[in-house]
$ cat start_3.tsv   # TSV, N, CA, C and O atoms
chain	number	residue	atom	x	y	z
A	29	MET	N	57.35	-18.22	-43.32
A	29	MET	CA	58.65	-17.72	-43.76
A	29	MET	C	58.52	-16.51	-44.67
A	29	MET	O	59.19	-15.52	-44.50
A	30	PHE	N	57.62	-16.60	-45.65
A	30	PHE	CA	57.47	-15.49	-46.58
A	30	PHE	C	56.84	-14.27	-45.91
A	30	PHE	O	57.10	-13.15	-46.31
A	31	GLY	N	56.08	-14.52	-44.85
A	31	GLY	CA	55.48	-13.41	-44.13
A	31	GLY	C	56.54	-12.52	-43.50
A	31	GLY	O	56.49	-11.30	-43.61
A	32	LYS	N	57.54	-13.13	-42.87
A	32	LYS	CA	58.61	-12.34	-42.25
A	32	LYS	C	59.46	-11.65	-43.31
A	32	LYS	O	59.88	-10.52	-43.13
A	33	LEU	N	59.73	-12.35	-44.42
A	33	LEU	CA	60.51	-11.76	-45.51
A	33	LEU	C	59.75	-10.58	-46.11
A	33	LEU	O	60.33	-9.53	-46.37
A	34	GLY	N	58.45	-10.74	-46.27
A	34	GLY	CA	57.63	-9.66	-46.80
A	34	GLY	C	57.62	-8.46	-45.87
A	34	GLY	O	57.68	-7.32	-46.31
A	35	ASP	N	57.54	-8.74	-44.56
A	35	ASP	CA	57.57	-7.66	-43.58
A	35	ASP	C	58.90	-6.91	-43.65
A	35	ASP	O	58.94	-5.68	-43.61
A	36	MET	N	59.99	-7.67	-43.77
A	36	MET	CA	61.32	-7.06	-43.85
A	36	MET	C	61.45	-6.23	-45.13
A	36	MET	O	61.99	-5.12	-45.10
A	37	MET	N	60.96	-6.74	-46.23
A	37	MET	CA	61.02	-5.98	-47.49
A	37	MET	C	60.21	-4.70	-47.39
A	37	MET	O	60.62	-3.66	-47.88
A	38	GLY	N	59.07	-4.80	-46.73
A	38	GLY	CA	58.25	-3.60	-46.52
A	38	GLY	C	58.97	-2.57	-45.68
A	38	GLY	O	58.93	-1.37	-45.98
A	39	LYS	N	59.64	-3.03	-44.63
A	39	LYS	CA	60.42	-2.11	-43.77
A	39	LYS	C	61.55	-1.47	-44.57
A	39	LYS	O	61.81	-0.28	-44.43
A	40	LEU	N	62.24	-2.26	-45.39
A	40	LEU	CA	63.34	-1.72	-46.21
A	40	LEU	C	62.83	-0.66	-47.18
A	40	LEU	O	63.45	0.38	-47.35
A	41	GLN	N	61.69	-0.92	-47.79
A	41	GLN	CA	61.10	0.06	-48.72
A	41	GLN	C	60.71	1.33	-47.97
A	41	GLN	O	60.94	2.44	-48.44
A	42	GLU	N	60.15	1.15	-46.78
A	42	GLU	CA	59.77	2.30	-45.96
A	42	GLU	C	61.01	3.11	-45.57
A	42	GLU	O	60.99	4.34	-45.59
A	43	MET	N	62.10	2.42	-45.22
A	43	MET	CA	63.34	3.10	-44.84
A	43	MET	C	63.90	3.89	-46.02
A	43	MET	O	64.36	5.01	-45.86
A	44	LYS	N	63.86	3.30	-47.22
A	44	LYS	CA	64.37	4.00	-48.41
A	44	LYS	C	63.54	5.24	-48.69
A	44	LYS	O	64.07	6.31	-48.97
A	45	GLN	N	62.22	5.10	-48.61
A	45	GLN	CA	61.34	6.24	-48.85
A	45	GLN	C	61.61	7.34	-47.82
A	45	GLN	O	61.72	8.52	-48.17
A	46	ARG	N	61.75	6.96	-46.56
A	46	ARG	CA	62.00	7.95	-45.51
A	46	ARG	C	63.37	8.62	-45.70
A	46	ARG	O	63.50	9.82	-45.50
A	47	ALA	N	64.37	7.84	-46.11
A	47	ALA	CA	65.70	8.40	-46.37
A	47	ALA	C	65.64	9.43	-47.48
A	47	ALA	O	66.27	10.50	-47.40
A	48	ASP	N	64.87	9.15	-48.53
A	48	ASP	CA	64.72	10.11	-49.63
A	48	ASP	C	64.04	11.39	-49.14
A	48	ASP	O	64.41	12.50	-49.54
A	49	GLU	N	63.04	11.23	-48.26
A	49	GLU	CA	62.36	12.40	-47.70
A	49	GLU	C	63.32	13.24	-46.86
A	49	GLU	O	63.32	14.48	-46.93
A	50	VAL	N	64.15	12.57	-46.05
A	50	VAL	CA	65.11	13.28	-45.20
A	50	VAL	C	66.12	14.03	-46.07
A	50	VAL	O	66.46	15.18	-45.79
A	51	LYS	N	66.58	13.41	-47.14
A	51	LYS	CA	67.53	14.07	-48.05
A	51	LYS	C	66.93	15.34	-48.61
A	51	LYS	O	67.59	16.38	-48.67
A	52	ALA	N	65.68	15.28	-49.01
A	52	ALA	CA	65.01	16.47	-49.55
A	52	ALA	C	64.86	17.54	-48.47
A	52	ALA	O	65.07	18.73	-48.73
A	53	THR	N	64.51	17.13	-47.26
A	53	THR	CA	64.38	18.08	-46.15
A	53	THR	C	65.71	18.76	-45.87
A	53	THR	O	65.78	19.98	-45.71
A	54	LEU	N	66.78	17.97	-45.79
A	54	LEU	CA	68.10	18.53	-45.50
A	54	LEU	C	68.55	19.50	-46.59
A	54	LEU	O	69.15	20.53	-46.31
A	55	ALA	N	68.26	19.18	-47.84
A	55	ALA	CA	68.64	20.07	-48.94
A	55	ALA	C	67.91	21.41	-48.85
A	55	ALA	O	68.42	22.44	-49.29
A	56	ALA	N	66.71	21.40	-48.25
A	56	ALA	CA	65.92	22.63	-48.15
A	56	ALA	C	66.28	23.48	-46.93
A	56	ALA	O	65.96	24.66	-46.88
A	57	ILE	N	66.97	22.90	-45.95
A	57	ILE	CA	67.34	23.66	-44.75
A	57	ILE	C	68.53	24.56	-45.06
A	57	ILE	O	69.55	24.10	-45.56
A	58	LYS	N	68.38	25.83	-44.77
A	58	LYS	CA	69.44	26.81	-45.02
A	58	LYS	C	69.97	27.32	-43.68
A	58	LYS	O	69.20	27.76	-42.83
A	59	LEU	N	71.28	27.26	-43.50
A	59	LEU	CA	71.93	27.72	-42.28
A	59	LEU	C	72.94	28.81	-42.63
A	59	LEU	O	73.46	28.84	-43.74
A	60	THR	N	73.24	29.66	-41.67
A	60	THR	CA	74.28	30.67	-41.85
A	60	THR	C	75.23	30.60	-40.66
A	60	THR	O	74.79	30.57	-39.52
A	61	ALA	N	76.52	30.56	-40.96
A	61	ALA	CA	77.54	30.61	-39.90
A	61	ALA	C	78.33	31.89	-40.09
A	61	ALA	O	78.62	32.30	-41.21
A	62	GLU	N	78.67	32.52	-38.97
A	62	GLU	CA	79.44	33.76	-39.01
A	62	GLU	C	80.76	33.57	-38.28
A	62	GLU	O	80.84	32.83	-37.31
A	63	GLY	N	81.77	34.26	-38.77
A	63	GLY	CA	83.07	34.24	-38.14
A	63	GLY	C	83.71	35.61	-38.23
A	63	GLY	O	83.17	36.52	-38.86
A	64	ALA	N	84.85	35.74	-37.60
A	64	ALA	CA	85.59	37.00	-37.60
A	64	ALA	C	84.69	38.16	-37.16
A	64	ALA	O	84.68	39.22	-37.77
A	65	GLY	N	83.93	37.92	-36.10
A	65	GLY	CA	83.06	38.98	-35.58
A	65	GLY	C	81.97	39.40	-36.53
A	65	GLY	O	81.51	40.53	-36.50
A	66	GLY	N	81.52	38.48	-37.40
A	66	GLY	CA	80.45	38.79	-38.37
A	66	GLY	C	80.98	39.27	-39.70
A	66	GLY	O	80.20	39.53	-40.62
A	67	ASP	N	82.30	39.40	-39.85
A	67	ASP	CA	82.88	39.87	-41.10
A	67	ASP	C	82.92	38.78	-42.17
A	67	ASP	O	83.13	39.06	-43.35
A	68	ILE	N	82.74	37.52	-41.78
A	68	ILE	CA	82.65	36.42	-42.73
A	68	ILE	C	81.33	35.71	-42.47
A	68	ILE	O	81.00	35.39	-41.34
A	69	LYS	N	80.57	35.46	-43.54
A	69	LYS	CA	79.30	34.75	-43.44
A	69	LYS	C	79.28	33.66	-44.50
A	69	LYS	O	79.62	33.90	-45.66
A	70	ILE	N	78.90	32.46	-44.06
A	70	ILE	CA	78.82	31.33	-44.98
A	70	ILE	C	77.42	30.76	-44.90
A	70	ILE	O	76.92	30.46	-43.82
A	71	GLY	N	76.79	30.61	-46.07
A	71	GLY	CA	75.49	29.97	-46.16
A	71	GLY	C	75.70	28.52	-46.55
A	71	GLY	O	76.50	28.22	-47.44
A	72	ILE	N	75.00	27.61	-45.89
A	72	ILE	CA	75.17	26.18	-46.13
A	72	ILE	C	73.82	25.50	-45.95
A	72	ILE	O	72.97	25.99	-45.20
A	73	THR	N	73.61	24.39	-46.64
A	73	THR	CA	72.38	23.63	-46.48
A	73	THR	C	72.58	22.53	-45.45
A	73	THR	O	73.70	22.21	-45.07
A	74	GLY	N	71.48	21.93	-45.03
A	74	GLY	CA	71.54	20.83	-44.08
A	74	GLY	C	72.26	19.61	-44.62
A	74	GLY	O	72.72	18.78	-43.87
A	75	ASP	N	72.35	19.52	-45.95
A	75	ASP	CA	73.09	18.40	-46.53
A	75	ASP	C	74.51	18.80	-46.91
A	75	ASP	O	75.16	18.16	-47.73
A	76	ARG	N	74.99	19.86	-46.27
A	76	ARG	CA	76.39	20.28	-46.32
A	76	ARG	C	76.86	20.84	-47.67
A	76	ARG	O	78.00	20.66	-48.04
A	77	LYS	N	75.98	21.51	-48.38
A	77	LYS	CA	76.38	22.19	-49.62
A	77	LYS	C	76.56	23.67	-49.31
A	77	LYS	O	75.65	24.33	-48.81
A	78	VAL	N	77.75	24.20	-49.60
A	78	VAL	CA	78.01	25.62	-49.35
A	78	VAL	C	77.29	26.42	-50.43
A	78	VAL	O	77.46	26.19	-51.63
A	79	LEU	N	76.46	27.35	-49.99
A	79	LEU	CA	75.66	28.17	-50.90
A	79	LEU	C	76.28	29.54	-51.18
A	79	LEU	O	76.18	30.05	-52.28
A	80	SER	N	76.88	30.10	-50.14
A	80	SER	CA	77.40	31.46	-50.31
A	80	SER	C	78.54	31.71	-49.35
A	80	SER	O	78.68	31.04	-48.33
A	81	LEU	N	79.35	32.69	-49.72
A	81	LEU	CA	80.47	33.13	-48.90
A	81	LEU	C	80.55	34.64	-49.03
A	81	LEU	O	80.65	35.17	-50.14
A	82	GLN	N	80.46	35.33	-47.90
A	82	GLN	CA	80.56	36.79	-47.89
A	82	GLN	C	81.71	37.20	-47.00
A	82	GLN	O	81.83	36.73	-45.86
A	83	ILE	N	82.55	38.09	-47.53
A	83	ILE	CA	83.68	38.62	-46.77
A	83	ILE	C	83.54	40.14	-46.78
A	83	ILE	O	83.43	40.75	-47.84
A	84	SER	N	83.54	40.74	-45.59
A	84	SER	CA	83.39	42.19	-45.53
A	84	SER	C	84.61	42.87	-46.14
A	84	SER	O	85.71	42.30	-46.19
A	85	ASP	N	84.42	44.07	-46.60
A	85	ASP	CA	85.51	44.85	-47.20
A	85	ASP	C	86.67	45.02	-46.23
A	85	ASP	O	87.83	45.05	-46.63
A	86	ALA	N	86.37	45.11	-44.94
A	86	ALA	CA	87.42	45.33	-43.94
A	86	ALA	C	88.45	44.21	-43.94
A	86	ALA	O	89.63	44.44	-43.70
A	87	LEU	N	88.03	42.99	-44.23
A	87	LEU	CA	88.96	41.85	-44.22
A	87	LEU	C	89.69	41.66	-45.54
A	87	LEU	O	90.70	40.96	-45.59
A	88	GLN	N	89.22	42.25	-46.59
A	88	GLN	CA	89.80	41.99	-47.90
A	88	GLN	C	91.14	42.70	-48.13
A	88	GLN	O	91.84	42.38	-49.07
A	89	HIS	N	91.49	43.62	-47.28
A	89	HIS	CA	92.74	44.35	-47.47
A	89	HIS	C	93.75	44.07	-46.36
A	89	HIS	O	94.75	44.75	-46.25
A	90	GLY	N	93.47	43.05	-45.55
A	90	GLY	CA	94.33	42.76	-44.41
A	90	GLY	C	95.33	41.65	-44.71
A	90	GLY	O	95.69	41.39	-45.85
A	91	ASN	N	95.72	41.00	-43.67
A	91	ASN	CA	96.70	39.93	-43.71
A	91	ASN	C	96.10	38.69	-44.37
A	91	ASN	O	95.07	38.18	-43.93
A	92	LYS	N	96.74	38.18	-45.41
A	92	LYS	CA	96.24	37.03	-46.16
A	92	LYS	C	96.12	35.79	-45.28
A	92	LYS	O	95.11	35.07	-45.33
A	93	GLN	N	97.13	35.52	-44.46
A	93	GLN	CA	97.09	34.33	-43.60
A	93	GLN	C	95.96	34.41	-42.58
A	93	GLN	O	95.30	33.42	-42.29
A	94	GLU	N	95.75	35.58	-42.04
A	94	GLU	CA	94.66	35.76	-41.07
A	94	GLU	C	93.30	35.54	-41.75
A	94	GLU	O	92.42	34.89	-41.19
A	95	LEU	N	93.14	36.07	-42.94
A	95	LEU	CA	91.89	35.88	-43.68
A	95	LEU	C	91.67	34.40	-43.95
A	95	LEU	O	90.57	33.88	-43.75
A	96	GLU	N	92.70	33.70	-44.39
A	96	GLU	CA	92.58	32.27	-44.67
A	96	GLU	C	92.21	31.50	-43.40
A	96	GLU	O	91.36	30.60	-43.43
A	97	ALA	N	92.82	31.83	-42.28
A	97	ALA	CA	92.53	31.16	-41.02
A	97	ALA	C	91.08	31.42	-40.60
A	97	ALA	O	90.38	30.50	-40.14
A	98	GLN	N	90.62	32.65	-40.75
A	98	GLN	CA	89.24	32.99	-40.40
A	98	GLN	C	88.24	32.27	-41.32
A	98	GLN	O	87.19	31.81	-40.87
A	99	LEU	N	88.58	32.18	-42.60
A	99	LEU	CA	87.71	31.47	-43.54
A	99	LEU	C	87.59	29.99	-43.16
A	99	LEU	O	86.49	29.43	-43.13
A	100	LEU	N	88.72	29.36	-42.87
A	100	LEU	CA	88.70	27.95	-42.48
A	100	LEU	C	87.88	27.75	-41.22
A	100	LEU	O	87.07	26.81	-41.13
A	101	ALA	N	88.06	28.61	-40.25
A	101	ALA	CA	87.31	28.48	-38.99
A	101	ALA	C	85.81	28.62	-39.24
A	101	ALA	O	85.01	27.86	-38.69
A	102	THR	N	85.43	29.56	-40.09
A	102	THR	CA	84.01	29.79	-40.35
A	102	THR	C	83.42	28.66	-41.18
A	102	THR	O	82.29	28.23	-40.93
A	103	ILE	N	84.15	28.16	-42.15
A	103	ILE	CA	83.67	27.02	-42.95
A	103	ILE	C	83.46	25.82	-42.04
A	103	ILE	O	82.43	25.13	-42.12
A	104	ASN	N	84.41	25.56	-41.16
A	104	ASN	CA	84.26	24.43	-40.24
A	104	ASN	C	83.07	24.62	-39.30
A	104	ASN	O	82.35	23.67	-38.98
A	105	LYS	N	82.84	25.85	-38.88
A	105	LYS	CA	81.69	26.15	-38.02
A	105	LYS	C	80.39	25.86	-38.77
A	105	LYS	O	79.46	25.28	-38.22
A	106	ALA	N	80.34	26.24	-40.05
A	106	ALA	CA	79.16	25.98	-40.87
A	106	ALA	C	78.95	24.48	-41.05
A	106	ALA	O	77.82	23.98	-40.97
A	107	LEU	N	80.03	23.75	-41.28
A	107	LEU	CA	79.92	22.30	-41.46
A	107	LEU	C	79.44	21.60	-40.18
A	107	LEU	O	78.64	20.66	-40.24
A	108	VAL	N	79.89	22.07	-39.04
A	108	VAL	CA	79.44	21.50	-37.76
A	108	VAL	C	77.94	21.74	-37.58
A	108	VAL	O	77.20	20.84	-37.18
A	109	ALA	N	77.48	22.94	-37.91
A	109	ALA	CA	76.05	23.25	-37.79
A	109	ALA	C	75.23	22.38	-38.73
A	109	ALA	O	74.19	21.84	-38.34
A	110	ALA	N	75.71	22.20	-39.95
A	110	ALA	CA	75.00	21.36	-40.92
A	110	ALA	C	75.00	19.91	-40.47
A	110	ALA	O	74.00	19.20	-40.61
A	111	GLU	N	76.10	19.44	-39.93
A	111	GLU	CA	76.19	18.06	-39.46
A	111	GLU	C	75.21	17.81	-38.31
A	111	GLU	O	74.56	16.77	-38.25
A	112	LYS	N	75.07	18.79	-37.43
A	112	LYS	CA	74.14	18.66	-36.31
A	112	LYS	C	72.70	18.53	-36.81
A	112	LYS	O	71.96	17.65	-36.38
A	113	VAL	N	72.33	19.37	-37.76
A	113	VAL	CA	70.99	19.31	-38.34
A	113	VAL	C	70.80	17.98	-39.05
A	113	VAL	O	69.75	17.34	-38.95
A	114	ASN	N	71.82	17.54	-39.78
A	114	ASN	CA	71.78	16.29	-40.51
A	114	ASN	C	71.53	15.12	-39.55
A	114	ASN	O	70.65	14.29	-39.79
A	115	GLU	N	72.28	15.06	-38.47
A	115	GLU	CA	72.12	13.98	-37.49
A	115	GLU	C	70.73	14.00	-36.86
A	115	GLU	O	70.11	12.94	-36.68
A	116	GLU	N	70.23	15.19	-36.53
A	116	GLU	CA	68.91	15.29	-35.91
A	116	GLU	C	67.82	14.78	-36.86
A	116	GLU	O	66.92	14.05	-36.44
A	117	GLU	N	67.90	15.14	-38.13
A	117	GLU	CA	66.91	14.69	-39.10
A	117	GLU	C	66.99	13.18	-39.31
A	117	GLU	O	65.96	12.51	-39.42
A	118	MET	N	68.18	12.63	-39.35
A	118	MET	CA	68.35	11.19	-39.53
A	118	MET	C	67.81	10.42	-38.32
A	118	MET	O	67.17	9.38	-38.48
A	119	LYS	N	68.04	10.93	-37.12
A	119	LYS	CA	67.52	10.29	-35.91
A	119	LYS	C	66.01	10.28	-35.92
A	119	LYS	O	65.37	9.28	-35.55
A	120	LYS	N	65.42	11.42	-36.32
A	120	LYS	CA	63.95	11.49	-36.39
A	120	LYS	C	63.42	10.46	-37.37
A	120	LYS	O	62.45	9.77	-37.10
A	121	ALA	N	64.08	10.35	-38.52
A	121	ALA	CA	63.63	9.43	-39.55
A	121	ALA	C	63.79	7.99	-39.09
A	121	ALA	O	62.87	7.17	-39.26
A	122	ALA	N	64.91	7.65	-38.51
A	122	ALA	CA	65.17	6.28	-38.08
A	122	ALA	C	64.31	5.90	-36.89
A	122	ALA	O	63.89	4.75	-36.75
A	123	GLY	N	64.00	6.86	-36.03
A	123	GLY	CA	63.21	6.57	-34.85
A	123	GLY	C	61.81	6.08	-35.19
A	123	GLY	O	61.26	5.24	-34.49
A	124	GLY	N	61.24	6.56	-36.28
A	124	GLY	CA	59.91	6.13	-36.68
A	124	GLY	C	59.91	4.73	-37.25
A	124	GLY	O	58.90	4.03	-37.21
A	125	ILE	N	61.03	4.30	-37.79
A	125	ILE	CA	61.12	2.99	-38.42
A	125	ILE	C	61.82	1.98	-37.54
A	125	ILE	O	61.42	0.83	-37.43
A	126	LEU	N	62.90	2.44	-36.90
A	126	LEU	CA	63.71	1.56	-36.04
A	126	LEU	C	63.69	2.11	-34.62
A	126	LEU	O	64.56	2.89	-34.25
A	127	PRO	N	62.69	1.77	-33.82
A	127	PRO	CA	62.61	2.29	-32.47
A	127	PRO	C	63.88	2.00	-31.67
A	127	PRO	O	64.52	0.98	-31.85
A	128	GLY	N	64.24	2.94	-30.84
A	128	GLY	CA	65.42	2.77	-30.00
A	128	GLY	C	66.66	3.46	-30.54
A	128	GLY	O	67.67	3.52	-29.89
A	129	LEU	N	66.61	4.00	-31.77
A	129	LEU	CA	67.77	4.70	-32.33
A	129	LEU	C	67.73	6.15	-31.94
A	129	LEU	O	66.75	6.73	-31.73
$ encode --input "start_3.tsv" --output "structure tokens"
Amino acid sequence: MFGKLGDMMGKLQEMKQRADEVKATLAAIKLTAEGAGGDIKIGITGDRKVLSLQISDALQHGNKQELEAQLLATINKALVAAEKVNEEEMKKAAGGILPGL
């Protein structure tokens, strides 16, 4: 009985350690998403932290609603890219511990 419990505790500890490693990896991954034909650039990490936002001068003097719409679209594009990287890293981590995921 204690052998199986010990094995399970070992697996849980291994999973926690691997999760911490994945978090560090995701924090180190830097992505860039562009929108409005490259006039908006957003830097984001794999763990979904926005690092930077650049808006070209051409967009800063235009229609406010259009700028806001372009910003939202680009932010969402950056979040989708970060989410994809996040999922891939989690699958890699879980696959080594929990086969079949």
$ atom_distance --input "start_3.tsv" --atom1 "atom CA of A:Val50" --atom2 "atom CA of A:Gly34"
24.2 Å
$ closest_residue --input "start_3.tsv" --among "A:Ala86, A:Met43, A:Ala56, A:Ala110" --to "A:Ile72" --atoms "only C-alpha atoms"
A:Ala110
$ atom_distance --input "start_3.tsv" --atom1 "atom C of A:Gly65" --atom2 "atom CA of A:Ser84"
9.5 Å
$ atom_distance --input "start_3.tsv" --atom1 "atom CA of A:Met37" --atom2 "atom CA of A:Glu49"
18.4 Å
$ select_by_dssp --input "start_3.tsv" --residues "chain A" --states "alpha helix (DSSP H)" --output "ChimeraX atom specification"
/A:30-56,85-88,92-125
$ closest_residue --input "start_3.tsv" --among "A:Asp67, A:Asp85, A:Glu116, A:Glu62" --to "A:Ile103" --atoms "all atoms listed in the file"
A:Glu62
$ axis_aligned_box --input "start_3.tsv" --around "stretch 48-54 of chain A" --padding-each-side "3 Å" --output "JSON"
{"center_x": 65.8, "center_y": 14.8, "center_z": -47.4, "size_x": 12.8, "size_y": 17.4, "size_z": 10.4}
$ residues_near_point --input "start_3.tsv" --point "(90.5, 35.0, -44.2)" --cutoff "12 Å" --atoms "only C-alpha atoms" --output "tab-separated table (two decimals) with N, CA, C and O atoms, in the coordinates of the input"
chain	number	residue	atom	x	y	z
A	63	GLY	N	81.77	34.26	-38.77
A	63	GLY	CA	83.07	34.24	-38.14
A	63	GLY	C	83.71	35.61	-38.23
A	63	GLY	O	83.17	36.52	-38.86
A	64	ALA	N	84.85	35.74	-37.60
A	64	ALA	CA	85.59	37.00	-37.60
A	64	ALA	C	84.69	38.16	-37.16
A	64	ALA	O	84.68	39.22	-37.77
A	67	ASP	N	82.30	39.40	-39.85
A	67	ASP	CA	82.88	39.87	-41.10
A	67	ASP	C	82.92	38.78	-42.17
A	67	ASP	O	83.13	39.06	-43.35
A	68	ILE	N	82.74	37.52	-41.78
A	68	ILE	CA	82.65	36.42	-42.73
A	68	ILE	C	81.33	35.71	-42.47
A	68	ILE	O	81.00	35.39	-41.34
A	69	LYS	N	80.57	35.46	-43.54
A	69	LYS	CA	79.30	34.75	-43.44
A	69	LYS	C	79.28	33.66	-44.50
A	69	LYS	O	79.62	33.90	-45.66
A	81	LEU	N	79.35	32.69	-49.72
A	81	LEU	CA	80.47	33.13	-48.90
A	81	LEU	C	80.55	34.64	-49.03
A	81	LEU	O	80.65	35.17	-50.14
A	82	GLN	N	80.46	35.33	-47.90
A	82	GLN	CA	80.56	36.79	-47.89
A	82	GLN	C	81.71	37.20	-47.00
A	82	GLN	O	81.83	36.73	-45.86
A	83	ILE	N	82.55	38.09	-47.53
A	83	ILE	CA	83.68	38.62	-46.77
A	83	ILE	C	83.54	40.14	-46.78
A	83	ILE	O	83.43	40.75	-47.84
A	84	SER	N	83.54	40.74	-45.59
A	84	SER	CA	83.39	42.19	-45.53
A	84	SER	C	84.61	42.87	-46.14
A	84	SER	O	85.71	42.30	-46.19
A	85	ASP	N	84.42	44.07	-46.60
A	85	ASP	CA	85.51	44.85	-47.20
A	85	ASP	C	86.67	45.02	-46.23
A	85	ASP	O	87.83	45.05	-46.63
A	86	ALA	N	86.37	45.11	-44.94
A	86	ALA	CA	87.42	45.33	-43.94
A	86	ALA	C	88.45	44.21	-43.94
A	86	ALA	O	89.63	44.44	-43.70
A	87	LEU	N	88.03	42.99	-44.23
A	87	LEU	CA	88.96	41.85	-44.22
A	87	LEU	C	89.69	41.66	-45.54
A	87	LEU	O	90.70	40.96	-45.59
A	88	GLN	N	89.22	42.25	-46.59
A	88	GLN	CA	89.80	41.99	-47.90
A	88	GLN	C	91.14	42.70	-48.13
A	88	GLN	O	91.84	42.38	-49.07
A	89	HIS	N	91.49	43.62	-47.28
A	89	HIS	CA	92.74	44.35	-47.47
A	89	HIS	C	93.75	44.07	-46.36
A	89	HIS	O	94.75	44.75	-46.25
A	90	GLY	N	93.47	43.05	-45.55
A	90	GLY	CA	94.33	42.76	-44.41
A	90	GLY	C	95.33	41.65	-44.71
A	90	GLY	O	95.69	41.39	-45.85
A	91	ASN	N	95.72	41.00	-43.67
A	91	ASN	CA	96.70	39.93	-43.71
A	91	ASN	C	96.10	38.69	-44.37
A	91	ASN	O	95.07	38.18	-43.93
A	92	LYS	N	96.74	38.18	-45.41
A	92	LYS	CA	96.24	37.03	-46.16
A	92	LYS	C	96.12	35.79	-45.28
A	92	LYS	O	95.11	35.07	-45.33
A	93	GLN	N	97.13	35.52	-44.46
A	93	GLN	CA	97.09	34.33	-43.60
A	93	GLN	C	95.96	34.41	-42.58
A	93	GLN	O	95.30	33.42	-42.29
A	94	GLU	N	95.75	35.58	-42.04
A	94	GLU	CA	94.66	35.76	-41.07
A	94	GLU	C	93.30	35.54	-41.75
A	94	GLU	O	92.42	34.89	-41.19
A	95	LEU	N	93.14	36.07	-42.94
A	95	LEU	CA	91.89	35.88	-43.68
A	95	LEU	C	91.67	34.40	-43.95
A	95	LEU	O	90.57	33.88	-43.75
A	96	GLU	N	92.70	33.70	-44.39
A	96	GLU	CA	92.58	32.27	-44.67
A	96	GLU	C	92.21	31.50	-43.40
A	96	GLU	O	91.36	30.60	-43.43
A	97	ALA	N	92.82	31.83	-42.28
A	97	ALA	CA	92.53	31.16	-41.02
A	97	ALA	C	91.08	31.42	-40.60
A	97	ALA	O	90.38	30.50	-40.14
A	98	GLN	N	90.62	32.65	-40.75
A	98	GLN	CA	89.24	32.99	-40.40
A	98	GLN	C	88.24	32.27	-41.32
A	98	GLN	O	87.19	31.81	-40.87
A	99	LEU	N	88.58	32.18	-42.60
A	99	LEU	CA	87.71	31.47	-43.54
A	99	LEU	C	87.59	29.99	-43.16
A	99	LEU	O	86.49	29.43	-43.13
A	100	LEU	N	88.72	29.36	-42.87
A	100	LEU	CA	88.70	27.95	-42.48
A	100	LEU	C	87.88	27.75	-41.22
A	100	LEU	O	87.07	26.81	-41.13
A	101	ALA	N	88.06	28.61	-40.25
A	101	ALA	CA	87.31	28.48	-38.99
A	101	ALA	C	85.81	28.62	-39.24
A	101	ALA	O	85.01	27.86	-38.69
A	102	THR	N	85.43	29.56	-40.09
A	102	THR	CA	84.01	29.79	-40.35
A	102	THR	C	83.42	28.66	-41.18
A	102	THR	O	82.29	28.23	-40.93
A	103	ILE	N	84.15	28.16	-42.15
A	103	ILE	CA	83.67	27.02	-42.95
A	103	ILE	C	83.46	25.82	-42.04
A	103	ILE	O	82.43	25.13	-42.12
$ closest_residue --input "start_3.tsv" --among "A:Lys58, A:Val113, A:Gly123, A:Asn104" --to "A:Gly71" --atoms "only N, CA, C and O atoms"
A:Lys58
$ closest_residue --input "start_3.tsv" --among "A:Lys112, A:Arg46, A:Lys39, A:Lys32" --to "A:Arg76" --atoms "only C-alpha atoms"
A:Lys112
$ closest_residue --input "start_3.tsv" --among "A:Ala47, A:Leu40, A:Ala109, A:Leu79" --to "A:Ala121" --atoms "all atoms listed in the file"
A:Ala47
$ closest_residue --input "start_3.tsv" --among "A:Asn114, A:Ala106, A:Lys119, A:Met36" --to "A:Ile57" --atoms "only C-alpha atoms"
A:Asn114
